[in-house]
Amino acid sequence: MDGPPHAEGSGRPAEGALARAFRHIDLEGHDLPPSPTPSSPRNGRRYAMATELVYTEHGDQYNSSSMPIYQTATFKQNSAHPSDGAYDYTRSGNPTRSHLERHLSKITSSHRCLAVSSGMAAMDVITRLLSPGDHVIAGDDLYGGTNRLLKYLSTHSGITVHHLDTTTPLTSFPPILAAHSSKLKLVLLESPTNPLIKICDIPLISALVHAASPSALVVVDNTMLSPYLCNPLALGADITYESATKYLSGHHDLMAGIIYTNDAALATRLSFTINASGCALSPFDSFLLLRGIKTLSVRLDKQLLSAHAIATFLESACGFRVRYPALPSHPQHDLHARLAPRGAGAVLAFETGNVATSERIVENTRLWAISVSFGCVNSLISLPCAMSHASIDKNVRAQRGMPEDLIRLCVGIEDVGDLIDDLTTALVKAGAVKVTVDGIRPLPQAEREQQAEGKRPGTGEKE
């Protein structure tokens, strides 16, 4: 046994009379684990998001400015039969992690927030709500890891997964909802999707699903935007989760996943799974994540401006098809502006029309590091079909309209002029554009293909 008995699914010791008499009810009415620093202003005032991200009152005995790291596996008890202690074993609860969870609950106005060891751990915890025979609706453009987990569940756990185009819910959803409403348990959404940057109408889909199948849960992966730009719970979702490795951390020096919900019973079930499986976030990573959250608004505000400038450059000056919701050319531009008015995130994608050209662009950048993931302070570049989404079969990628030449850019906080210059150099070296006295000139598709094959333009001969 790791410690005293726990209330089923709570992750903390069973309540005694003293604990029931002195519940830890915060200003939002939440009964959450105690924290040395309460995470909420005592006057009950709600501040602007940028302030809420930074501000927490503290009650540490030494008045520390930052939340201490309770780097311990166990906690001493006052008796051989403890019942009122808040913590006994860090897998079940830790003050540093409790503070992180309370802080994020405050920021998102959610009933409960749960911190786990990675974004995929969050997805795994959520899918453990499923039973054999259940049906799941998911988008046709998903993060590769999510697709891999769903494929495993459909192959080994008796779960049926329906991949739909989430941008056309009025036509794609009704047939599945009508045929499988009694067995439908989860609807998994991404917006923007990764890597095709498609936007789905979360309020409309939530309304359709809940009307057809009241017990079904709408789950939104909010990793691409973070709570700073969008709160899916306020748009009708039942559960929101994200990889905190990305924007919340911002420095790619930790791995973490966050789950949010406003349903108390659902939070208890999820908490039980986390405690039972042992995937809760460690104290040190909780501390690092708390630090990263404080600069989220500063980082993202900078990244939003740079991403828009780079997307405009690639579309207007270079003539590429660019996928970025802030551009008027994006098919769901107005929808995204309505759902997430603060901004479109810092991930964009563009197509060159030729895989070899795309490979040469990726390999000729210097400031843009070739890497999977996104959301950190430094800029990243990748070929999704060869990297983050390589686990999806090539034929499936083709069916879902995922171009093999697609390049994904994850914009950091460097000087935007330097980022564009570095990208321009790579584009020229790859033969995708030509610099003239009048500026940058996009090369015709045929000429790009000749450049990619190493031929002299207009001759068809090898250089």
# chains A, B, ... in the order shown; residues from 1 in each chain; ligands from 1
call {"tool": "residues_around", "arguments": {"residues": "A:Thr51", "least_positions_apart": "2", "cutoff": "12 Å", "atoms": "only C-alpha atoms", "output": "MDAnalysis selection string"}}
result
chainID A and resid 40:41 45:49 53:56 106:107 228 293:298
call {"tool": "write_last_selection", "arguments": {"atoms": "C-alpha atoms", "output": "CSV table (one decimal), in the first residue's frame"}}
result
chain,number,residue,atom,x,y,z
A,40,SER,CA,-6.9,33.2,-6.3
A,41,PRO,CA,-7.0,36.9,-5.2
A,45,ARG,CA,-11.7,40.2,-8.4
A,46,ARG,CA,-11.2,38.8,-11.9
A,47,TYR,CA,-8.3,40.4,-13.8
A,48,ALA,CA,-7.4,40.5,-17.5
A,49,MET,CA,-6.0,37.2,-18.8
A,53,LEU,CA,-1.6,34.2,-15.9
A,54,VAL,CA,1.0,35.8,-13.6
A,55,TYR,CA,-0.8,36.7,-10.4
A,56,THR,CA,-1.2,34.3,-7.5
A,106,LYS,CA,-8.7,29.9,-12.1
A,107,ILE,CA,-7.3,31.0,-15.5
A,228,TYR,CA,-4.9,32.4,-23.8
A,293,ILE,CA,2.6,30.0,-17.7
A,294,LYS,CA,3.6,33.4,-16.4
A,295,THR,CA,5.1,34.5,-19.7
A,296,LEU,CA,2.4,32.9,-21.9
A,297,SER,CA,0.8,36.2,-23.0
A,298,VAL,CA,4.1,38.0,-23.7
call {"tool": "residues_around", "arguments": {"residues": "A:Leu335", "least_positions_apart": "3", "cutoff": "12 Å", "atoms": "only C-alpha atoms", "output": "PyMOL selection string"}}
result
chain A and resi 167+191-192+198-204+325-326+328+330-332+338-341+343-344
call {"tool": "residues_around", "arguments": {"residues": "stretch 373-377 of chain A", "least_positions_apart": "6", "cutoff": "8 Å", "atoms": "only C-alpha atoms", "output": "ChimeraX atom specification"}}
result
/A:224,245-252,299,346-347,388,410-414
call {"tool": "write_last_selection", "arguments": {"atoms": "all heavy atoms", "output": "short mmCIF file (atom, residue, chain, number, x, y, z; two decimals), in the first residue's frame"}}
result
data_model
loop_
_atom_site.label_atom_id
_atom_site.label_comp_id
_atom_site.auth_asym_id
_atom_site.auth_seq_id
_atom_site.Cartn_x
_atom_site.Cartn_y
_atom_site.Cartn_z
N MET A 224 -3.16 23.84 -29.97
CA MET A 224 -2.73 24.81 -30.98
C MET A 224 -3.00 26.26 -30.59
O MET A 224 -2.44 27.18 -31.19
CB MET A 224 -3.41 24.50 -32.31
CG MET A 224 -2.96 23.20 -32.96
SD MET A 224 -1.44 23.37 -33.89
CE MET A 224 -2.08 23.97 -35.45
N THR A 245 3.41 20.84 -23.02
CA THR A 245 4.77 20.87 -23.54
C THR A 245 4.93 22.04 -24.50
O THR A 245 6.03 22.60 -24.62
CB THR A 245 5.07 19.56 -24.29
OG1 THR A 245 4.73 18.45 -23.47
CG2 THR A 245 6.53 19.48 -24.71
N LYS A 246 3.82 22.43 -25.14
CA LYS A 246 3.87 23.47 -26.15
C LYS A 246 3.78 24.86 -25.53
O LYS A 246 4.66 25.28 -24.80
CB LYS A 246 2.76 23.25 -27.17
CG LYS A 246 3.08 22.22 -28.26
CD LYS A 246 3.20 20.81 -27.75
CE LYS A 246 3.27 19.79 -28.88
NZ LYS A 246 3.32 18.41 -28.35
N TYR A 247 2.69 25.59 -25.79
CA TYR A 247 2.62 27.00 -25.42
C TYR A 247 2.66 27.26 -23.92
O TYR A 247 3.28 28.22 -23.47
CB TYR A 247 1.36 27.63 -26.01
CG TYR A 247 1.42 27.80 -27.50
CD1 TYR A 247 0.54 27.09 -28.32
CD2 TYR A 247 2.35 28.64 -28.09
CE1 TYR A 247 0.59 27.23 -29.69
CE2 TYR A 247 2.41 28.78 -29.46
CZ TYR A 247 1.53 28.07 -30.27
OH TYR A 247 1.59 28.21 -31.62
N LEU A 248 1.99 26.44 -23.11
CA LEU A 248 1.97 26.71 -21.68
C LEU A 248 3.38 26.71 -21.10
O LEU A 248 3.74 27.58 -20.31
CB LEU A 248 1.10 25.69 -20.95
CG LEU A 248 -0.41 25.84 -21.09
CD1 LEU A 248 -1.14 24.80 -20.26
CD2 LEU A 248 -0.87 27.23 -20.67
N SER A 249 4.19 25.74 -21.50
CA SER A 249 5.58 25.72 -21.05
C SER A 249 6.39 26.77 -21.81
O SER A 249 7.03 27.62 -21.21
CB SER A 249 6.18 24.34 -21.27
OG SER A 249 7.59 24.39 -21.19
N GLY A 250 6.37 26.65 -23.14
CA GLY A 250 7.00 27.66 -23.98
C GLY A 250 8.48 27.51 -24.21
O GLY A 250 9.07 28.26 -24.99
N HIS A 251 9.13 26.55 -23.55
CA HIS A 251 10.59 26.44 -23.68
C HIS A 251 11.06 25.04 -24.04
O HIS A 251 12.26 24.80 -24.13
CB HIS A 251 11.25 26.88 -22.36
CG HIS A 251 11.03 28.32 -22.04
ND1 HIS A 251 9.85 28.77 -21.48
CD2 HIS A 251 11.80 29.42 -22.22
CE1 HIS A 251 9.93 30.09 -21.32
NE2 HIS A 251 11.08 30.50 -21.76
N HIS A 252 10.14 24.11 -24.23
CA HIS A 252 10.49 22.74 -24.59
C HIS A 252 11.51 22.13 -23.63
O HIS A 252 12.42 21.39 -24.05
CB HIS A 252 11.00 22.68 -26.03
CG HIS A 252 9.88 22.70 -27.03
ND1 HIS A 252 10.08 22.55 -28.38
CD2 HIS A 252 8.53 22.85 -26.88
CE1 HIS A 252 8.91 22.62 -29.00
NE2 HIS A 252 7.96 22.79 -28.12
N ARG A 299 4.80 35.92 -24.70
CA ARG A 299 5.32 35.11 -25.79
C ARG A 299 4.33 35.04 -26.96
O ARG A 299 4.69 35.27 -28.13
CB ARG A 299 5.64 33.69 -25.30
CG ARG A 299 6.84 33.63 -24.37
CD ARG A 299 7.17 32.20 -23.97
NE ARG A 299 6.31 31.69 -22.90
CZ ARG A 299 5.35 30.79 -23.03
NH1 ARG A 299 5.08 30.28 -24.22
NH2 ARG A 299 4.63 30.37 -21.99
N ALA A 346 0.37 30.45 -33.57
CA ALA A 346 1.66 30.72 -34.21
C ALA A 346 2.14 29.55 -35.05
O ALA A 346 3.34 29.39 -35.28
CB ALA A 346 2.70 31.08 -33.15
N VAL A 347 1.20 28.70 -35.50
CA VAL A 347 1.54 27.60 -36.39
C VAL A 347 0.87 27.84 -37.74
O VAL A 347 -0.33 28.13 -37.79
CB VAL A 347 1.07 26.25 -35.81
CG1 VAL A 347 1.41 25.11 -36.78
CG2 VAL A 347 1.72 25.99 -34.46
N SER A 388 6.07 14.41 -37.98
CA SER A 388 5.04 14.26 -36.95
C SER A 388 3.88 13.38 -37.35
O SER A 388 3.21 12.78 -36.50
CB SER A 388 4.51 15.65 -36.55
OG SER A 388 3.98 16.34 -37.68
N CYS A 410 6.48 26.75 -37.18
CA CYS A 410 6.07 27.06 -35.81
C CYS A 410 6.89 28.27 -35.38
O CYS A 410 8.10 28.17 -35.14
CB CYS A 410 6.32 25.87 -34.89
SG CYS A 410 5.61 24.33 -35.54
N VAL A 411 6.24 29.41 -35.31
CA VAL A 411 6.93 30.68 -35.16
C VAL A 411 7.29 30.95 -33.70
O VAL A 411 6.46 30.82 -32.80
CB VAL A 411 6.06 31.83 -35.72
CG1 VAL A 411 6.80 33.15 -35.61
CG2 VAL A 411 5.67 31.54 -37.17
N GLY A 412 8.54 31.35 -33.48
CA GLY A 412 9.02 31.66 -32.14
C GLY A 412 9.02 33.15 -31.87
O GLY A 412 8.25 33.91 -32.46
N ILE A 413 9.91 33.58 -30.97
CA ILE A 413 9.92 34.99 -30.56
C ILE A 413 11.13 35.74 -31.11
O ILE A 413 11.41 36.87 -30.69
CB ILE A 413 9.87 35.11 -29.03
CG1 ILE A 413 11.14 34.53 -28.39
CG2 ILE A 413 8.63 34.45 -28.46
CD1 ILE A 413 11.26 34.82 -26.89
N GLU A 414 11.86 35.15 -32.05
CA GLU A 414 13.00 35.86 -32.64
C GLU A 414 12.52 37.08 -33.42
O GLU A 414 11.32 37.25 -33.68
CB GLU A 414 13.78 34.92 -33.59
CG GLU A 414 14.27 33.63 -32.96
CD GLU A 414 13.30 32.47 -33.17
OE1 GLU A 414 12.10 32.74 -33.37
OE2 GLU A 414 13.74 31.32 -33.11
#
call {"tool": "select_by_dssp", "arguments": {"residues": "stretch 268-399 of chain A", "states": "strand (DSSP E)", "output": "PyMOL selection string"}}
result
chain A and resi 321-323+347-351+369-370+380-382
call {"tool": "residues_around", "arguments": {"residues": "A:Thr166", "least_positions_apart": "4", "cutoff": "10 Å", "atoms": "only C-alpha atoms", "output": "PyMOL selection string"}}
result
chain A and resi 137-141+170-173+188-191+193+198-202+205
call {"tool": "write_last_selection", "arguments": {"atoms": "C-alpha atoms", "output": "CSV table (one decimal), in the first residue's frame"}}
result
chain,number,residue,atom,x,y,z
A,137,ILE,CA,-16.1,10.5,-33.8
A,138,ALA,CA,-12.8,12.2,-34.7
A,139,GLY,CA,-11.6,14.6,-37.3
A,140,ASP,CA,-10.0,13.5,-40.5
A,141,ASP,CA,-7.0,15.8,-39.8
A,170,LEU,CA,-24.2,19.8,-41.0
A,171,THR,CA,-23.5,17.2,-43.7
A,172,SER,CA,-20.8,14.9,-42.2
A,173,PHE,CA,-22.2,14.5,-38.7
A,188,LEU,CA,-12.7,14.4,-30.5
A,189,LEU,CA,-12.0,17.7,-32.1
A,190,GLU,CA,-9.0,19.9,-33.0
A,191,SER,CA,-9.2,23.5,-34.0
A,193,THR,CA,-6.2,21.0,-36.9
A,198,LYS,CA,-8.7,23.6,-40.5
A,199,ILE,CA,-11.2,25.2,-38.2
A,200,CYS,CA,-14.3,23.5,-36.7
A,201,ASP,CA,-17.4,25.1,-35.3
A,202,ILE,CA,-17.1,23.9,-31.7
A,205,ILE,CA,-20.8,20.5,-33.2
call {"tool": "select_by_dssp", "arguments": {"residues": "stretch 240-430 of chain A", "states": "helix (DSSP H, G or I)", "output": "PyMOL selection string"}}
result
chain A and resi 264-277+283-294+296-317+333-339+355-363+384-386+394-399+416-429
call {"tool": "write_last_selection", "arguments": {"atoms": "C-alpha atoms", "output": "mmCIF file, in the first residue's frame"}}
result
data_model
loop_
_atom_site.group_PDB
_atom_site.id
_atom_site.type_symbol
_atom_site.label_atom_id
_atom_site.label_comp_id
_atom_site.auth_asym_id
_atom_site.auth_seq_id
_atom_site.Cartn_x
_atom_site.Cartn_y
_atom_site.Cartn_z
ATOM 1 C CA ALA A 264 -17.522 17.298 -11.071
ATOM 2 C CA ALA A 265 -18.427 13.632 -11.545
ATOM 3 C CA LEU A 266 -16.362 13.449 -14.715
ATOM 4 C CA ALA A 267 -13.418 15.066 -12.942
ATOM 5 C CA THR A 268 -13.622 12.378 -10.247
ATOM 6 C CA ARG A 269 -13.485 9.595 -12.838
ATOM 7 C CA LEU A 270 -10.533 11.175 -14.612
ATOM 8 C CA SER A 271 -8.726 11.802 -11.322
ATOM 9 C CA PHE A 272 -9.203 8.155 -10.317
ATOM 10 C CA THR A 273 -7.566 6.992 -13.559
ATOM 11 C CA ILE A 274 -4.626 9.355 -13.088
ATOM 12 C CA ASN A 275 -4.064 8.159 -9.527
ATOM 13 C CA ALA A 276 -4.477 4.510 -10.460
ATOM 14 C CA SER A 277 -2.201 4.615 -13.516
ATOM 15 C CA PRO A 283 6.575 18.224 -8.682
ATOM 16 C CA PHE A 284 9.584 19.594 -10.571
ATOM 17 C CA ASP A 285 7.780 19.664 -13.929
ATOM 18 C CA SER A 286 4.796 21.304 -12.183
ATOM 19 C CA PHE A 287 7.149 24.021 -10.937
ATOM 20 C CA LEU A 288 8.648 24.553 -14.392
ATOM 21 C CA LEU A 289 5.197 24.725 -15.953
ATOM 22 C CA LEU A 290 4.035 27.312 -13.420
ATOM 23 C CA ARG A 291 7.017 29.434 -14.445
ATOM 24 C CA GLY A 292 6.250 29.064 -18.148
ATOM 25 C CA ILE A 293 2.591 30.025 -17.734
ATOM 26 C CA LYS A 294 3.569 33.433 -16.354
ATOM 27 C CA LEU A 296 2.392 32.923 -21.944
ATOM 28 C CA SER A 297 0.759 36.202 -22.976
ATOM 29 C CA VAL A 298 4.061 37.971 -23.652
ATOM 30 C CA ARG A 299 5.318 35.107 -25.793
ATOM 31 C CA LEU A 300 2.107 34.525 -27.726
ATOM 32 C CA ASP A 301 1.470 38.209 -28.411
ATOM 33 C CA LYS A 302 4.898 38.388 -30.049
ATOM 34 C CA GLN A 303 4.422 35.086 -31.885
ATOM 35 C CA LEU A 304 1.024 36.124 -33.240
ATOM 36 C CA LEU A 305 2.429 39.268 -34.838
ATOM 37 C CA SER A 306 5.373 37.420 -36.351
ATOM 38 C CA ALA A 307 3.250 34.522 -37.618
ATOM 39 C CA HIS A 308 0.895 36.911 -39.406
ATOM 40 C CA ALA A 309 3.800 38.754 -41.033
ATOM 41 C CA ILE A 310 5.418 35.495 -42.190
ATOM 42 C CA ALA A 311 2.125 34.081 -43.502
ATOM 43 C CA THR A 312 1.511 37.291 -45.456
ATOM 44 C CA PHE A 313 5.059 37.192 -46.877
ATOM 45 C CA LEU A 314 4.701 33.586 -48.057
ATOM 46 C CA GLU A 315 1.300 34.207 -49.645
ATOM 47 C CA SER A 316 1.716 37.695 -51.114
ATOM 48 C CA ALA A 317 5.421 37.865 -51.973
ATOM 49 C CA HIS A 333 -11.239 32.928 -41.404
ATOM 50 C CA ASP A 334 -14.484 34.454 -40.098
ATOM 51 C CA LEU A 335 -15.382 31.391 -38.030
ATOM 52 C CA HIS A 336 -12.033 31.372 -36.278
ATOM 53 C CA ALA A 337 -12.233 35.100 -35.576
ATOM 54 C CA ARG A 338 -15.584 34.489 -33.870
ATOM 55 C CA LEU A 339 -14.399 31.539 -31.779
ATOM 56 C CA VAL A 355 8.203 17.385 -52.298
ATOM 57 C CA ALA A 356 11.866 17.739 -53.270
ATOM 58 C CA THR A 357 11.557 21.536 -53.188
ATOM 59 C CA SER A 358 9.984 21.378 -49.742
ATOM 60 C CA GLU A 359 12.764 19.121 -48.478
ATOM 61 C CA ARG A 360 15.399 21.548 -49.751
ATOM 62 C CA ILE A 361 13.655 24.492 -48.079
ATOM 63 C CA VAL A 362 13.504 22.693 -44.741
ATOM 64 C CA GLU A 363 17.141 21.634 -44.917
ATOM 65 C CA PRO A 384 4.655 16.744 -41.283
ATOM 66 C CA CYS A 385 4.239 13.797 -43.665
ATOM 67 C CA ALA A 386 7.836 12.732 -43.038
ATOM 68 C CA LYS A 394 0.578 7.348 -46.924
ATOM 69 C CA ASN A 395 -2.655 6.205 -48.577
ATOM 70 C CA VAL A 396 -4.661 7.438 -45.579
ATOM 71 C CA ARG A 397 -2.854 10.767 -45.739
ATOM 72 C CA ALA A 398 -3.793 11.044 -49.407
ATOM 73 C CA GLN A 399 -7.439 10.213 -48.663
ATOM 74 C CA VAL A 416 10.595 38.608 -37.481
ATOM 75 C CA GLY A 417 12.906 40.276 -39.998
ATOM 76 C CA ASP A 418 15.614 37.723 -39.274
ATOM 77 C CA LEU A 419 13.108 34.879 -39.588
ATOM 78 C CA ILE A 420 11.875 36.112 -42.975
ATOM 79 C CA ASP A 421 15.457 36.672 -44.213
ATOM 80 C CA ASP A 422 16.439 33.164 -43.171
ATOM 81 C CA LEU A 423 13.358 31.715 -44.843
ATOM 82 C CA THR A 424 14.053 33.738 -47.991
ATOM 83 C CA THR A 425 17.575 32.360 -48.174
ATOM 84 C CA ALA A 426 16.245 28.813 -47.914
ATOM 85 C CA LEU A 427 13.585 29.483 -50.556
ATOM 86 C CA VAL A 428 16.192 30.820 -52.986
ATOM 87 C CA LYS A 429 18.599 27.927 -52.344
#
call {"tool": "residues_around", "arguments": {"residues": "A:Thr74", "least_positions_apart": "5", "cutoff": "7 Å", "atoms": "only C-alpha atoms", "output": "PDB file with N, CA and C atoms, in the first residue's frame"}}
result
ATOM      1  N   ASP A  88      -0.453  12.245   1.099  1.00  0.00           N
ATOM      2  CA  ASP A  88       0.254  11.108   1.671  1.00  0.00           C
ATOM      3  C   ASP A  88       1.321  10.572   0.729  1.00  0.00           C
ATOM      4  N   TYR A  89       1.044  10.620  -0.609  1.00  0.00           N
ATOM      5  CA  TYR A  89       1.933  10.024  -1.601  1.00  0.00           C
ATOM      6  C   TYR A  89       1.816  10.860  -2.866  1.00  0.00           C
ATOM      7  N   THR A  90       2.954  11.270  -3.438  1.00  0.00           N
ATOM      8  CA  THR A  90       2.929  12.251  -4.526  1.00  0.00           C
ATOM      9  C   THR A  90       2.192  11.756  -5.769  1.00  0.00           C
TER      10      THR A  90
END
call {"tool": "closest_residue", "arguments": {"among": "A:Ser110, A:Phe320, A:Val116, A:Arg441", "to": "A:Ala237", "atoms": "only C-alpha atoms"}}
result
A:Ser110
call {"tool": "closest_residue", "arguments": {"among": "A:Ile381, A:Cys318, A:Ala211, A:Ala216", "to": "A:Ile440", "atoms": "only C-alpha atoms"}}
result
A:Cys318
call {"tool": "closest_residue", "arguments": {"among": "A:Val219, A:Thr240, A:His81, A:Tyr143", "to": "A:Ala390", "atoms": "only C-alpha atoms"}}
result
A:Tyr143
call {"tool": "closest_residue", "arguments": {"among": "A:Gly93, A:Asp221, A:Asp415, A:Leu142", "to": "A:Pro195", "atoms": "only C-alpha atoms"}}
result
A:Leu142
call {"tool": "residues_around", "arguments": {"residues": "A:Asn231", "least_positions_apart": "4", "cutoff": "8 Å", "atoms": "only C-alpha atoms", "output": "mmCIF file with N, CA, C and O atoms, in the first residue's frame"}}
result
data_model
loop_
_atom_site.group_PDB
_atom_site.id
_atom_site.type_symbol
_atom_site.label_atom_id
_atom_site.label_comp_id
_atom_site.auth_asym_id
_atom_site.auth_seq_id
_atom_site.Cartn_x
_atom_site.Cartn_y
_atom_site.Cartn_z
ATOM 1 N N THR A 108 -8.901 29.444 -16.460
ATOM 2 C CA THR A 108 -9.892 28.995 -17.437
ATOM 3 C C THR A 108 -11.318 29.000 -16.892
ATOM 4 O O THR A 108 -12.249 28.652 -17.616
ATOM 5 N N ASN A 222 -6.942 21.580 -27.370
ATOM 6 C CA ASN A 222 -6.726 23.022 -27.506
ATOM 7 C C ASN A 222 -5.243 23.383 -27.567
ATOM 8 O O ASN A 222 -4.874 24.530 -27.338
ATOM 9 N N SER A 226 -3.997 27.220 -26.852
ATOM 10 C CA SER A 226 -3.801 27.428 -25.417
ATOM 11 C C SER A 226 -4.971 28.219 -24.834
ATOM 12 O O SER A 226 -5.748 28.841 -25.579
ATOM 13 N N PRO A 227 -5.116 28.221 -23.503
ATOM 14 C CA PRO A 227 -6.220 28.971 -22.887
ATOM 15 C C PRO A 227 -6.162 30.478 -23.147
ATOM 16 O O PRO A 227 -7.175 31.165 -23.002
ATOM 17 N N LEU A 235 -17.330 27.180 -25.045
ATOM 18 C CA LEU A 235 -17.973 27.043 -26.357
ATOM 19 C C LEU A 235 -18.845 25.795 -26.448
ATOM 20 O O LEU A 235 -19.382 25.502 -27.512
#
call {"tool": "atom_distance", "arguments": {"atom1": "atom CA of A:Leu281", "atom2": "atom CA of A:Thr96"}}
result
9.8 Å
call {"tool": "residues_around", "arguments": {"residues": "A:Ile259", "least_positions_apart": "6", "cutoff": "6 Å", "atoms": "only C-alpha atoms", "output": "MDAnalysis selection string"}}
result
chainID A and resid 113:114 240:241
call {"tool": "atom_distance", "arguments": {"atom1": "atom CA of A:Pro232", "atom2": "atom CA of A:His210"}}
result
15.0 Å
call {"tool": "decode", "arguments": {"residues": "stretch 256-285 of chain A", "atoms": "C-alpha atoms", "output": "PDB file, in the first residue's frame"}}
result
ATOM      1  CA  ALA A 256       3.117  17.792 -19.555  1.00  0.00           C
ATOM      2  CA  GLY A 257      -0.557  17.439 -20.372  1.00  0.00           C
ATOM      3  CA  ILE A 258      -3.536  19.299 -18.910  1.00  0.00           C
ATOM      4  CA  ILE A 259      -7.196  18.215 -18.728  1.00  0.00           C
ATOM      5  CA  TYR A 260     -10.027  20.652 -17.913  1.00  0.00           C
ATOM      6  CA  THR A 261     -13.711  19.994 -17.214  1.00  0.00           C
ATOM      7  CA  ASN A 262     -16.691  21.648 -15.541  1.00  0.00           C
ATOM      8  CA  ASP A 263     -18.323  18.311 -14.663  1.00  0.00           C
ATOM      9  CA  ALA A 264     -17.522  17.298 -11.071  1.00  0.00           C
ATOM     10  CA  ALA A 265     -18.427  13.632 -11.545  1.00  0.00           C
ATOM     11  CA  LEU A 266     -16.362  13.449 -14.715  1.00  0.00           C
ATOM     12  CA  ALA A 267     -13.418  15.066 -12.942  1.00  0.00           C
ATOM     13  CA  THR A 268     -13.622  12.378 -10.247  1.00  0.00           C
ATOM     14  CA  ARG A 269     -13.485   9.595 -12.838  1.00  0.00           C
ATOM     15  CA  LEU A 270     -10.533  11.175 -14.612  1.00  0.00           C
ATOM     16  CA  SER A 271      -8.726  11.802 -11.322  1.00  0.00           C
ATOM     17  CA  PHE A 272      -9.203   8.155 -10.317  1.00  0.00           C
ATOM     18  CA  THR A 273      -7.566   6.992 -13.559  1.00  0.00           C
ATOM     19  CA  ILE A 274      -4.626   9.355 -13.088  1.00  0.00           C
ATOM     20  CA  ASN A 275      -4.064   8.159  -9.527  1.00  0.00           C
ATOM     21  CA  ALA A 276      -4.477   4.510 -10.460  1.00  0.00           C
ATOM     22  CA  SER A 277      -2.201   4.615 -13.516  1.00  0.00           C
ATOM     23  CA  GLY A 278       0.422   6.886 -11.957  1.00  0.00           C
ATOM     24  CA  CYS A 279       0.675   9.400 -14.789  1.00  0.00           C
ATOM     25  CA  ALA A 280       0.336  12.583 -12.702  1.00  0.00           C
ATOM     26  CA  LEU A 281       2.812  15.378 -13.385  1.00  0.00           C
ATOM     27  CA  SER A 282       5.943  15.413 -11.223  1.00  0.00           C
ATOM     28  CA  PRO A 283       6.575  18.224  -8.682  1.00  0.00           C
ATOM     29  CA  PHE A 284       9.584  19.594 -10.571  1.00  0.00           C
ATOM     30  CA  ASP A 285       7.780  19.664 -13.929  1.00  0.00           C
TER      31      ASP A 285
END
